[in-house]
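Visitor: So that we are looking at the same thing, I have put the structure below in structure tokens.
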Amino acid sequence: MSAAEKAPTPAPAANHKKPGGKGQFPPASYSSAFQKLQQTLIQLSEDCKNVDFSRMFQRDERHRDKRPSGAGMEKRGSAAGGGAAPAGKRPSAGGGGGGGPVAGGPPPHPLTCLGGIQRLAWQSLELAGPVTDIVRMQQANWFQLSGHPGTLALAGPGTLWKKVCVADSAECLAYQSMMNDPHARQLVPKFYSQVCHNGEYFIEMEDLLYGFEDPCVMDIKMGTRTFLESEVKNSTPRADLYKKMVAIDPKAPLPEEHEAGAISKVRYMTYREGQSSSSQLGFRIEGLKMRGSDPIRDLKRIRAWEEVLYTISVYLGSADVARQILAHLTNIRDKFEASAFFRRHEVIGSSIFLVYDRRRSGAWMIDFAKTSRLPDGQTVDHRSPWQLGNREEGYLTGLDNLCKVVQQVERRLSGSSHQPRPGSTT
């Protein structure tokens, strides 16, 4: 096995070779953006050393207190009639993709509509809304990993509000449909209702972090294509897009594009996907946060297989966590493939949300603002190469490769020598 293929064992920074040293993983020749992250990631891996995995995935469905309703909250029930929670009931922690709640979770707090404050707001979740007293009480534990500041609000213990532009938005309709699909509903946050507050509309849904204690979290944007076909139908070359490409890499445009001083939107968007691991692996790491540490953002430029492998290895920290996360991802893939909803929908810009703490872990699909139903008679398999008009986005291609990465991380951290690569069958 070459030096670059040796397992990156999480350890204190002092036990790792200095950048550029022989046998370093990853090699110093990798992208400068990744090298800047390396030492930070090594230090963060220390947070995973003393995880007590013997208590992970405990389930206790008895912890279900009432969810108070806030003053001034006008609720609109699900147009599809499915997925709404019974009045006054609060969801349990863990959701369909993770372990259930544990006894001794946070007690309920009085609920009053107040101003805005931010919660973990992934770039894939464009969130905004009102906040309650519980937010003030938990403010010290709130943070934003990436995306638009101040874009997520708690609606009570175990629930949150996500702002949508209009009533019955595409995302709201997607959630309503998924709640009626026996497979899809197990993979996503629970949807409760559409809410109108001060003339603005919100989706009331499950807070996936409820019940976790200072967890390690990661946002992974899925798909080989993360832009809508409608965004690139205009083939007219544009000078502004050419300037954007040159600003990233002056050598990127083709000779004829340099001569014209303009490129098409589809050319720019596909080039932009190639700047991350999206086009090659079908997913990219948007951000991560380790327990007790500040978030690490701007990870989109990590694209080489070894860079992705190393980053996820440090995030997972141990073979035990890797095995549990792999089981969650495999479950998502199996149910995704069995779902009639996903056969009939294009899923653009959706992420997989990974989370674990000392007791349990979970993985869910999140963000469906760009999910759209296909015309009658058309289906997608989510693995076929994209051509304009076929609506394929490569979601399952990305999930296949993500499973291979986590499988390889588990084998490296457990000392196994077999290392699957993208495109392999194991």
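Chain labels A, B, ... are given in the sequence in which chains occur in the structure tokens; within each chain residues are numbered consecutively from 1, and ligands are likewise numbered from 1 in the order shown.
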Might you pull out every residue within 12 Å of A:Glu257, with only C-alpha atoms counted and same-chain residues fewer than 5 positions away left off, and present them as an NGL selection string?

Guide: :A and (237-239 or 241-243 or 245-246 or 250-252 or 262-264 or 267-268)

Visitor: Show which residues sit within 12 Å of A:Asp249, as a ChimeraX atom specification. Count only C-alpha atoms, and ignore same-chain residues fewer than 5 positions away.

Guide: /A:242-244,254,271-272,275

Visitor: Would you list the contacts of A:Leu374 as a list of chain:residue names, taking every protein, DNA or RNA residue within 7 Å and counting only C-alpha atoms, but skipping same-chain residues closer than 2 positions in sequence?

Guide: A:Arg344, A:His345, A:Glu346, A:Ser372, A:Asp376, A:Gln378, A:Thr379

Visitor: Those same residues, written as a PDB file, in the first residue's frame with all heavy atoms?

Guide:
```pdb
ATOM      1  N   ARG A 344     -40.438   9.590  -9.512  1.00  0.00           N
ATOM      2  CA  ARG A 344     -41.199  10.576 -10.288  1.00  0.00           C
ATOM      3  C   ARG A 344     -40.788  12.014  -9.991  1.00  0.00           C
ATOM      4  O   ARG A 344     -41.478  12.944 -10.409  1.00  0.00           O
ATOM      5  CB  ARG A 344     -42.699  10.397 -10.009  1.00  0.00           C
ATOM      6  CG  ARG A 344     -43.253   9.058 -10.457  1.00  0.00           C
ATOM      7  CD  ARG A 344     -44.774   9.052 -10.468  1.00  0.00           C
ATOM      8  NE  ARG A 344     -45.317   9.237  -9.129  1.00  0.00           N
ATOM      9  CZ  ARG A 344     -45.711   8.239  -8.333  1.00  0.00           C
ATOM     10  NH1 ARG A 344     -45.610   6.987  -8.772  1.00  0.00           N
ATOM     11  NH2 ARG A 344     -46.209   8.487  -7.144  1.00  0.00           N
ATOM     12  N   HIS A 345     -39.672  12.182  -9.267  1.00  0.00           N
ATOM     13  CA  HIS A 345     -39.241  13.537  -8.927  1.00  0.00           C
ATOM     14  C   HIS A 345     -37.756  13.741  -9.199  1.00  0.00           C
ATOM     15  O   HIS A 345     -36.944  12.849  -8.971  1.00  0.00           O
ATOM     16  CB  HIS A 345     -39.514  13.835  -7.456  1.00  0.00           C
ATOM     17  CG  HIS A 345     -40.953  14.119  -7.155  1.00  0.00           C
ATOM     18  ND1 HIS A 345     -41.903  13.125  -7.059  1.00  0.00           N
ATOM     19  CD2 HIS A 345     -41.606  15.295  -6.939  1.00  0.00           C
ATOM     20  CE1 HIS A 345     -43.085  13.661  -6.785  1.00  0.00           C
ATOM     21  NE2 HIS A 345     -42.931  14.969  -6.708  1.00  0.00           N
ATOM     22  N   GLU A 346     -37.439  14.930  -9.678  1.00  0.00           N
ATOM     23  CA  GLU A 346     -36.062  15.393  -9.820  1.00  0.00           C
ATOM     24  C   GLU A 346     -35.664  16.043  -8.497  1.00  0.00           C
ATOM     25  O   GLU A 346     -36.385  16.914  -7.989  1.00  0.00           O
ATOM     26  CB  GLU A 346     -35.995  16.409 -10.962  1.00  0.00           C
ATOM     27  CG  GLU A 346     -34.655  17.073 -11.169  1.00  0.00           C
ATOM     28  CD  GLU A 346     -34.746  18.189 -12.205  1.00  0.00           C
ATOM     29  OE1 GLU A 346     -35.829  18.817 -12.315  1.00  0.00           O
ATOM     30  OE2 GLU A 346     -33.741  18.441 -12.878  1.00  0.00           O
ATOM     31  N   SER A 372     -38.819  18.769  -7.872  1.00  0.00           N
ATOM     32  CA  SER A 372     -39.986  18.994  -8.723  1.00  0.00           C
ATOM     33  C   SER A 372     -40.467  17.692  -9.344  1.00  0.00           C
ATOM     34  O   SER A 372     -39.671  16.799  -9.664  1.00  0.00           O
ATOM     35  CB  SER A 372     -39.660  20.010  -9.825  1.00  0.00           C
ATOM     36  OG  SER A 372     -38.542  19.593 -10.587  1.00  0.00           O
ATOM     37  N   ASP A 376     -45.954  13.665 -16.586  1.00  0.00           N
ATOM     38  CA  ASP A 376     -46.577  12.342 -16.587  1.00  0.00           C
ATOM     39  C   ASP A 376     -45.882  11.423 -17.584  1.00  0.00           C
ATOM     40  O   ASP A 376     -45.614  11.816 -18.730  1.00  0.00           O
ATOM     41  CB  ASP A 376     -48.060  12.456 -16.938  1.00  0.00           C
ATOM     42  CG  ASP A 376     -48.867  13.125 -15.831  1.00  0.00           C
ATOM     43  OD1 ASP A 376     -48.352  13.204 -14.704  1.00  0.00           O
ATOM     44  OD2 ASP A 376     -50.003  13.573 -16.112  1.00  0.00           O
ATOM     45  N   GLN A 378     -42.827  10.264 -17.356  1.00  0.00           N
ATOM     46  CA  GLN A 378     -41.369  10.337 -17.275  1.00  0.00           C
ATOM     47  C   GLN A 378     -40.906   9.909 -15.890  1.00  0.00           C
ATOM     48  O   GLN A 378     -41.512  10.250 -14.875  1.00  0.00           O
ATOM     49  CB  GLN A 378     -40.862  11.750 -17.558  1.00  0.00           C
ATOM     50  CG  GLN A 378     -39.332  11.866 -17.586  1.00  0.00           C
ATOM     51  CD  GLN A 378     -38.845  13.256 -17.966  1.00  0.00           C
ATOM     52  OE1 GLN A 378     -39.633  14.188 -18.104  1.00  0.00           O
ATOM     53  NE2 GLN A 378     -37.536  13.396 -18.123  1.00  0.00           N
ATOM     54  N   THR A 379     -39.827   9.140 -15.848  1.00  0.00           N
ATOM     55  CA  THR A 379     -39.211   8.739 -14.582  1.00  0.00           C
ATOM     56  C   THR A 379     -37.707   8.947 -14.685  1.00  0.00           C
ATOM     57  O   THR A 379     -37.166   9.135 -15.773  1.00  0.00           O
ATOM     58  CB  THR A 379     -39.497   7.258 -14.255  1.00  0.00           C
ATOM     59  OG1 THR A 379     -38.956   6.433 -15.296  1.00  0.00           O
ATOM     60  CG2 THR A 379     -40.996   7.000 -14.110  1.00  0.00           C
TER      61      THR A 379
END
```

Visitor: Separation of atom CA of A:Gly274 and atom CA of A:Leu326, in Å?

Guide: 25.9 Å

Visitor: Mind checking which residues fall within 6 Å of stretch 287-299 of chain A, counting only C-alpha atoms, ignoring those fewer than 5 positions away in the same chain, and posting them as an MDAnalysis selection string?

Guide: chainID A and resid 145 214:219

Visitor: Could the residues in this selection be saved with C-alpha atoms as a compact mmCIF listing (two decimals), in the first residue's frame?

Guide:
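As a result, selection18.txt now contains:
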```txt
# COMPACT_ATOMS: atom_id res chain seq x y z
CA LEU A 145 -22.60 26.23 10.01
CA ASP A 214 -23.31 18.94 21.39
CA PRO A 215 -23.23 16.64 18.35
CA CYS A 216 -20.78 16.31 15.48
CA VAL A 217 -22.61 17.36 12.32
CA MET A 218 -21.89 17.35 8.60
CA ASP A 219 -23.80 18.68 5.59
```

Visitor: Give the answer as one residue: which of A:Lys265, A:Arg225, A:Arg284, A:Lys335 has the shortest atom-to-atom distance to A:Val308, using only C-alpha atoms?

Guide: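 Between A:Lys265, A:Arg225, A:Arg284, A:Lys335, the residue approaching A:Val308 most closely is A:Arg284.
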
Visitor: Rounded to one decimal, what separation in Å do you get between atom CA of A:Thr311 and atom CA of A:Pro385?

Guide: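 Computing the Euclidean distance for atom CA of A:Thr311 and atom CA of A:Pro385 yields 26.9 Å.
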
Visitor: Work out how far atom CA of A:Leu160 is from atom CA of A:Asp207, in Å to one decimal.

Guide: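 So the answer is 5.5 Å.
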
Visitor: Let's see if you can do this: from backbone DSSP, list all alpha helix (DSSP H) residues in stretch 177-419 of chain A, as a PyMOL selection string.

Guide: chain A and resi 177-179+239-248+255-260+265-274+278-281+305-316+319-338+340-343+395-414

Visitor: Between A:Val406, A:His183, A:Thr270, A:Asp320, single out the one closest to A:Asp334, counting only C-alpha atoms.

Guide: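 Ranking A:Val406, A:His183, A:Thr270, A:Asp320 by distance to A:Asp334, first place goes to A:His183.
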
Visitor: Kindly indicate which residue among A:Ala363, A:Val166, A:Leu316, A:Cys403 lies nearest to A:Leu208, using only C-alpha atoms for the distances.

Guide: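 Answer, going by the shortest atom-to-atom distance: A:Ala363.
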
Visitor: Leaving out A:Leu399 and any residue of its chain fewer than 3 positions from it, which residues lie within 12 Å of it when counting only C-alpha atoms, given as a PDB file with C-alpha atoms, in the first residue's frame?

Guide:
```pdb
ATOM      1  CA  ILE A 220     -23.243  16.837   2.286  1.00  0.00           C
ATOM      2  CA  LYS A 221     -24.783  18.242  -0.903  1.00  0.00           C
ATOM      3  CA  MET A 222     -25.913  15.388  -3.145  1.00  0.00           C
ATOM      4  CA  GLY A 223     -25.935  14.957  -6.923  1.00  0.00           C
ATOM      5  CA  THR A 224     -23.670  15.286  -9.933  1.00  0.00           C
ATOM      6  CA  SER A 278     -19.887  17.004  -7.205  1.00  0.00           C
ATOM      7  CA  LEU A 281     -18.256  11.755  -6.981  1.00  0.00           C
ATOM      8  CA  GLY A 282     -21.844  12.978  -7.030  1.00  0.00           C
ATOM      9  CA  PHE A 283     -21.595  14.756  -3.657  1.00  0.00           C
ATOM     10  CA  ARG A 284     -19.623  17.498  -1.965  1.00  0.00           C
ATOM     11  CA  LEU A 326     -22.853   3.452   6.837  1.00  0.00           C
ATOM     12  CA  HIS A 328     -27.941   4.815   7.977  1.00  0.00           C
ATOM     13  CA  LEU A 329     -26.743   5.643   4.454  1.00  0.00           C
ATOM     14  CA  THR A 330     -27.484   2.137   3.200  1.00  0.00           C
ATOM     15  CA  ASN A 331     -30.971   2.412   4.656  1.00  0.00           C
ATOM     16  CA  ILE A 332     -31.488   5.736   2.871  1.00  0.00           C
ATOM     17  CA  ARG A 333     -30.357   4.220  -0.430  1.00  0.00           C
ATOM     18  CA  ASP A 334     -32.589   1.148  -0.090  1.00  0.00           C
ATOM     19  CA  PHE A 336     -34.876   5.806  -1.892  1.00  0.00           C
ATOM     20  CA  GLU A 337     -34.726   3.109  -4.581  1.00  0.00           C
ATOM     21  CA  SER A 350     -30.793  18.317  -1.534  1.00  0.00           C
ATOM     22  CA  SER A 351     -28.338  17.384   1.221  1.00  0.00           C
ATOM     23  CA  ILE A 352     -27.728  14.466   3.523  1.00  0.00           C
ATOM     24  CA  MET A 365     -32.294  13.805   3.568  1.00  0.00           C
ATOM     25  CA  HIS A 382     -30.881   9.048 -10.399  1.00  0.00           C
ATOM     26  CA  ARG A 383     -27.789   7.315 -11.800  1.00  0.00           C
ATOM     27  CA  GLU A 393     -29.284  14.601 -11.354  1.00  0.00           C
ATOM     28  CA  GLY A 394     -27.082  11.742 -10.132  1.00  0.00           C
ATOM     29  CA  TYR A 395     -28.369  11.599  -6.566  1.00  0.00           C
ATOM     30  CA  LEU A 396     -27.909   7.823  -6.246  1.00  0.00           C
ATOM     31  CA  LEU A 402     -20.609   8.257  -0.297  1.00  0.00           C
ATOM     32  CA  CYS A 403     -21.269   4.734   0.962  1.00  0.00           C
ATOM     33  CA  LYS A 404     -17.954   3.611  -0.566  1.00  0.00           C
ATOM     34  CA  VAL A 405     -16.119   6.450   1.175  1.00  0.00           C
ATOM     35  CA  VAL A 406     -17.607   5.627   4.576  1.00  0.00           C
ATOM     36  CA  PRO A 422     -15.557   4.934  -6.944  1.00  0.00           C
ATOM     37  CA  GLY A 423     -17.068   2.663  -9.584  1.00  0.00           C
TER      38      GLY A 423
END
```

Visitor: Run DSSP on the backbone and grab whatever in stretch 117-348 of chain A lands in strand (DSSP E); send it over as a PyMOL selection string.

Guide: chain A and resi 153-156+159-164+191-197+200-206+216-222+283-289+345-348

Visitor: Write out as a PyMOL selection string which residues come within 8 Å of stretch 199-204 of chain A when counting only C-alpha atoms, dropping same-chain ones fewer than 5 positions away.

Guide: chain A and resi 129+155+159-167+172+191-194

Visitor: Please produce a file of those selected residues containing N, CA and C atoms, as an mmCIF file, in the first residue's frame.

Guide:
```cif
data_model
loop_
_atom_site.group_PDB
_atom_site.id
_atom_site.type_symbol
_atom_site.label_atom_id
_atom_site.label_comp_id
_atom_site.auth_asym_id
_atom_site.auth_seq_id
_atom_site.Cartn_x
_atom_site.Cartn_y
_atom_site.Cartn_z
ATOM 1 N N GLY A 129 -37.515 32.806 10.215
ATOM 2 C CA GLY A 129 -38.803 32.785 10.864
ATOM 3 C C GLY A 129 -38.786 33.334 12.266
ATOM 4 N N ALA A 155 -39.800 26.381 16.817
ATOM 5 C CA ALA A 155 -41.209 26.621 17.087
ATOM 6 C C ALA A 155 -41.613 25.964 18.392
ATOM 7 N N THR A 159 -39.437 20.947 17.251
ATOM 8 C CA THR A 159 -39.967 21.437 15.975
ATOM 9 C C THR A 159 -39.271 22.734 15.590
ATOM 10 N N LEU A 160 -39.256 23.029 14.301
ATOM 11 C CA LEU A 160 -38.706 24.288 13.808
ATOM 12 C C LEU A 160 -39.556 24.787 12.661
ATOM 13 N N TRP A 161 -39.327 26.034 12.311
ATOM 14 C CA TRP A 161 -40.002 26.647 11.166
ATOM 15 C C TRP A 161 -38.980 26.958 10.089
ATOM 16 N N LYS A 162 -39.327 26.659 8.871
ATOM 17 C CA LYS A 162 -38.517 27.013 7.705
ATOM 18 C C LYS A 162 -39.318 27.943 6.810
ATOM 19 N N LYS A 163 -38.747 29.082 6.485
ATOM 20 C CA LYS A 163 -39.463 30.062 5.677
ATOM 21 C C LYS A 163 -39.534 29.621 4.225
ATOM 22 N N VAL A 164 -40.705 29.814 3.621
ATOM 23 C CA VAL A 164 -40.898 29.577 2.192
ATOM 24 C C VAL A 164 -41.459 30.849 1.574
ATOM 25 N N CYS A 165 -41.262 31.003 0.284
ATOM 26 C CA CYS A 165 -41.621 32.269 -0.361
ATOM 27 C C CYS A 165 -43.121 32.464 -0.467
ATOM 28 N N VAL A 166 -43.842 31.387 -0.752
ATOM 29 C CA VAL A 166 -45.280 31.484 -0.996
ATOM 30 C C VAL A 166 -45.993 30.334 -0.299
ATOM 31 N N ALA A 167 -47.300 30.465 -0.176
ATOM 32 C CA ALA A 167 -48.098 29.364 0.330
ATOM 33 C C ALA A 167 -48.060 28.216 -0.669
ATOM 34 N N CYS A 172 -43.002 22.687 0.210
ATOM 35 C CA CYS A 172 -44.120 22.259 1.046
ATOM 36 C C CYS A 172 -44.869 21.110 0.377
ATOM 37 N N PHE A 191 -42.938 16.316 8.596
ATOM 38 C CA PHE A 191 -43.653 17.538 8.224
ATOM 39 C C PHE A 191 -44.957 17.585 9.008
ATOM 40 N N TYR A 192 -45.249 18.774 9.602
ATOM 41 C CA TYR A 192 -46.449 18.904 10.417
ATOM 42 C C TYR A 192 -47.511 19.789 9.795
ATOM 43 N N SER A 193 -47.124 20.949 9.311
ATOM 44 C CA SER A 193 -48.130 21.849 8.748
ATOM 45 C C SER A 193 -47.453 23.002 8.042
ATOM 46 N N GLN A 194 -48.252 23.764 7.353
ATOM 47 C CA GLN A 194 -47.822 25.040 6.803
ATOM 48 C C GLN A 194 -48.331 26.121 7.744
#
```
